[in-house]
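A short worksheet on the structure shown next.
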Amino acid sequence: MSHIRYFKEFIVVLIAYAIALTLSITLLAHVESPMLRPFLALLPIVPAFAMCWIVLRQLRRVDELQRRIQLEAMGFAFAGTALITFSYGFLEIAGYNRLSMFFIWPLMAILWIAGTIIGNRRYR
């Protein structure tokens, strides 16, 4: 039951993030004020904080096995992100295009999902 509530909350905050991001990008294209631009650029961080809070609250709700699976998944995501980003950093030295830091969180999220799938299969 808590999983359904979690997914509903997560979807709502994901929609809020998409709206804030769209609003931020749109307004930044039209606002020249050096005082307002940082606030507009950081607008999507508000729902991002809510997303973190929802995830942490869900981690407190789950049983010990799910906590272990999530801890291992996060460790997998952390280590995998470190290896991939360090490797790409060395490739940049070799002439590859520089990547934005915006690629790091989606990479970590994908590896966290993969780690969760691996962990769930491991403890079946």
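Identifiers for the structure tokens are assigned positionally: chains receive A, B, ... in sequence, residues are indexed from 1 per chain, and ligands are indexed from 1 in the order shown.
The environment of Gln66 in chain A within 12 Å, counting only C-alpha atoms and disregarding residues fewer than 2 places along the same chain, consists of His3, Gln58, Leu59, Arg60, Arg61, Val62, Asp63, Glu64, Arg68, Ile69, Gln70, Leu71, Glu72, Ala73, Thr116, Ile117, Gly119, Asn120, Arg121, Arg122, Tyr123 and Arg124 of chain A.
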Save out the residues we just selected, N, CA and C atoms, as a CSV table (one decimal), in the first residue's frame.
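File produced: again-v8.csv:
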chain,number,residue,atom,x,y,z
A,3,HIS,N,3.7,1.5,-1.3
A,3,HIS,CA,4.3,1.7,-2.6
A,3,HIS,C,3.5,2.5,-3.5
A,58,GLN,N,10.1,7.3,2.0
A,58,GLN,CA,9.8,5.9,1.6
A,58,GLN,C,10.8,5.0,2.1
A,59,LEU,N,12.1,5.3,2.1
A,59,LEU,CA,13.1,4.4,2.6
A,59,LEU,C,12.9,4.2,4.1
A,60,ARG,N,12.3,5.1,4.9
A,60,ARG,CA,12.0,4.9,6.3
A,60,ARG,C,10.8,4.0,6.5
A,61,ARG,N,10.0,3.8,5.5
A,61,ARG,CA,8.8,3.0,5.6
A,61,ARG,C,9.0,1.6,5.2
A,62,VAL,N,10.0,1.2,4.5
A,62,VAL,CA,10.2,-0.1,4.0
A,62,VAL,C,10.8,-1.0,5.1
A,63,ASP,N,10.7,-2.3,4.9
A,63,ASP,CA,11.3,-3.3,5.8
A,63,ASP,C,12.8,-3.4,5.7
A,64,GLU,N,13.4,-4.1,6.5
A,64,GLU,CA,14.9,-4.2,6.6
A,64,GLU,C,15.5,-4.8,5.3
A,68,ARG,N,18.1,-2.9,2.8
A,68,ARG,CA,19.4,-3.5,2.4
A,68,ARG,C,19.5,-3.4,0.9
A,69,ILE,N,18.5,-3.8,0.2
A,69,ILE,CA,18.5,-3.8,-1.3
A,69,ILE,C,18.8,-2.4,-1.7
A,70,GLN,N,18.1,-1.4,-1.2
A,70,GLN,CA,18.3,0.0,-1.6
A,70,GLN,C,19.7,0.5,-1.2
A,71,LEU,N,20.2,0.1,-0.1
A,71,LEU,CA,21.6,0.5,0.3
A,71,LEU,C,22.6,-0.1,-0.7
A,72,GLU,N,22.4,-1.3,-1.1
A,72,GLU,CA,23.3,-1.9,-2.1
A,72,GLU,C,23.1,-1.3,-3.5
A,73,ALA,N,21.9,-1.0,-3.8
A,73,ALA,CA,21.6,-0.3,-5.1
A,73,ALA,C,22.3,1.1,-5.1
A,116,THR,N,18.7,-1.8,-8.0
A,116,THR,CA,17.5,-2.3,-7.3
A,116,THR,C,17.0,-3.5,-8.0
A,117,ILE,N,17.0,-3.5,-9.3
A,117,ILE,CA,16.5,-4.8,-10.0
A,117,ILE,C,17.4,-5.9,-9.7
A,119,GLY,N,19.3,-6.3,-7.0
A,119,GLY,CA,19.1,-6.7,-5.6
A,119,GLY,C,17.8,-7.4,-5.4
A,120,ASN,N,16.8,-7.0,-6.0
A,120,ASN,CA,15.5,-7.7,-5.9
A,120,ASN,C,15.6,-9.1,-6.4
A,121,ARG,N,16.3,-9.3,-7.5
A,121,ARG,CA,16.5,-10.7,-8.1
A,121,ARG,C,17.4,-11.5,-7.1
A,122,ARG,N,18.4,-10.9,-6.6
A,122,ARG,CA,19.3,-11.6,-5.7
A,122,ARG,C,18.6,-12.1,-4.5
A,123,TYR,N,17.7,-11.4,-3.9
A,123,TYR,CA,17.1,-11.8,-2.6
A,123,TYR,C,15.7,-12.4,-2.8
A,124,ARG,N,15.4,-12.9,-4.0
A,124,ARG,CA,14.1,-13.6,-4.2
A,124,ARG,C,14.0,-14.8,-3.4
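For the pair CA of Val55 in chain A and CA of Val12 in chain A, the interatomic distance is 12.9 Å.
Summary of the local environment: counting only C-alpha atoms, residues at most 7 Å from Trp112 in chain A, other than itself and those fewer than 2 positions away along its chain, are Ala73, Met74, Phe76, Ala77, Met108, Ala109, Ile110, Ala114, Gly115 and Thr116 of chain A.
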Put those residues in a file: N, CA and C atoms, as a JSON list (two decimals), in the first residue's frame.
[["chain", "number", "residue", "atom", "x", "y", "z"],
["A", 73, "ALA", "N", 21.88, -0.96, -3.81],
["A", 73, "ALA", "CA", 21.61, -0.30, -5.09],
["A", 73, "ALA", "C", 22.25, 1.09, -5.13],
["A", 74, "MET", "N", 22.17, 1.81, -4.04],
["A", 74, "MET", "CA", 22.80, 3.14, -3.98],
["A", 74, "MET", "C", 24.32, 3.03, -4.05],
["A", 76, "PHE", "N", 25.94, 0.64, -5.55],
["A", 76, "PHE", "CA", 26.20, 0.30, -6.96],
["A", 76, "PHE", "C", 26.14, 1.55, -7.83],
["A", 77, "ALA", "N", 25.11, 2.39, -7.59],
["A", 77, "ALA", "CA", 24.95, 3.62, -8.36],
["A", 77, "ALA", "C", 26.10, 4.59, -8.10],
["A", 108, "MET", "N", 23.23, 8.33, -12.49],
["A", 108, "MET", "CA", 23.13, 7.73, -11.16],
["A", 108, "MET", "C", 21.75, 7.10, -10.94],
["A", 109, "ALA", "N", 20.70, 7.77, -11.42],
["A", 109, "ALA", "CA", 19.34, 7.24, -11.27],
["A", 109, "ALA", "C", 19.19, 5.93, -12.04],
["A", 110, "ILE", "N", 19.71, 5.87, -13.25],
["A", 110, "ILE", "CA", 19.64, 4.64, -14.05],
["A", 110, "ILE", "C", 20.39, 3.51, -13.35],
["A", 114, "ALA", "N", 18.95, 0.01, -11.86],
["A", 114, "ALA", "CA", 19.58, -1.28, -12.22],
["A", 114, "ALA", "C", 20.01, -2.02, -10.95],
["A", 115, "GLY", "N", 20.60, -1.32, -10.01],
["A", 115, "GLY", "CA", 21.01, -1.95, -8.75],
["A", 115, "GLY", "C", 19.84, -2.49, -7.96],
["A", 116, "THR", "N", 18.71, -1.78, -7.99],
["A", 116, "THR", "CA", 17.51, -2.25, -7.30],
["A", 116, "THR", "C", 16.98, -3.52, -7.96]]
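Using only C-alpha atoms for every distance, the candidate list A:Leu36, A:Ala50, A:Ile45, A:Ile113 yields A:Ala50 as the residue closest to Val13 in chain A.
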Do a neighbour search on Leu43 in chain A at 8 Å with only C-alpha atoms, toss out local chain neighbours closer than 3 positions, and write the hits as an NGL selection string.
:A and (20-21 or 24 or 39-40 or 46)
Expected file contents, prior selection, C-alpha atoms, as a short mmCIF file (atom, residue, chain, number, x, y, z; two decimals), in the first residue's frame:
data_model
loop_
_atom_site.label_atom_id
_atom_site.label_comp_id
_atom_site.auth_asym_id
_atom_site.auth_seq_id
_atom_site.Cartn_x
_atom_site.Cartn_y
_atom_site.Cartn_z
CA ALA A 20 9.20 24.20 -12.99
CA LEU A 21 11.88 23.27 -15.52
CA SER A 24 12.48 28.25 -15.74
CA PHE A 39 16.37 32.48 -8.97
CA LEU A 40 14.75 31.48 -12.24
CA VAL A 46 12.28 23.32 -5.29
#
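Residues lying within 12 Å of Leu23 in chain A, counting only C-alpha atoms and ignoring same-chain neighbours fewer than 6 positions away, are A:Ala16, A:Tyr17, A:Ala29, A:His30, A:Val31, A:Phe39, A:Leu40, A:Ala41, A:Leu42, A:Leu43, A:Pro44.
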Would you write out those residues with C-alpha atoms, as a PDB file, in the first residue's frame?
ATOM      1  CA  ALA A  16       5.914  19.635 -10.719  1.00  0.00           C
ATOM      2  CA  TYR A  17       9.589  19.340 -11.654  1.00  0.00           C
ATOM      3  CA  ALA A  29      14.867  33.251 -22.384  1.00  0.00           C
ATOM      4  CA  HIS A  30      12.957  36.486 -21.733  1.00  0.00           C
ATOM      5  CA  VAL A  31      14.347  37.907 -18.485  1.00  0.00           C
ATOM      6  CA  PHE A  39      16.372  32.479  -8.970  1.00  0.00           C
ATOM      7  CA  LEU A  40      14.754  31.476 -12.239  1.00  0.00           C
ATOM      8  CA  ALA A  41      17.583  29.079 -13.034  1.00  0.00           C
ATOM      9  CA  LEU A  42      17.220  27.408  -9.616  1.00  0.00           C
ATOM     10  CA  LEU A  43      13.419  27.167  -9.758  1.00  0.00           C
ATOM     11  CA  PRO A  44      13.470  23.400 -10.583  1.00  0.00           C
TER      12      PRO A  44
END
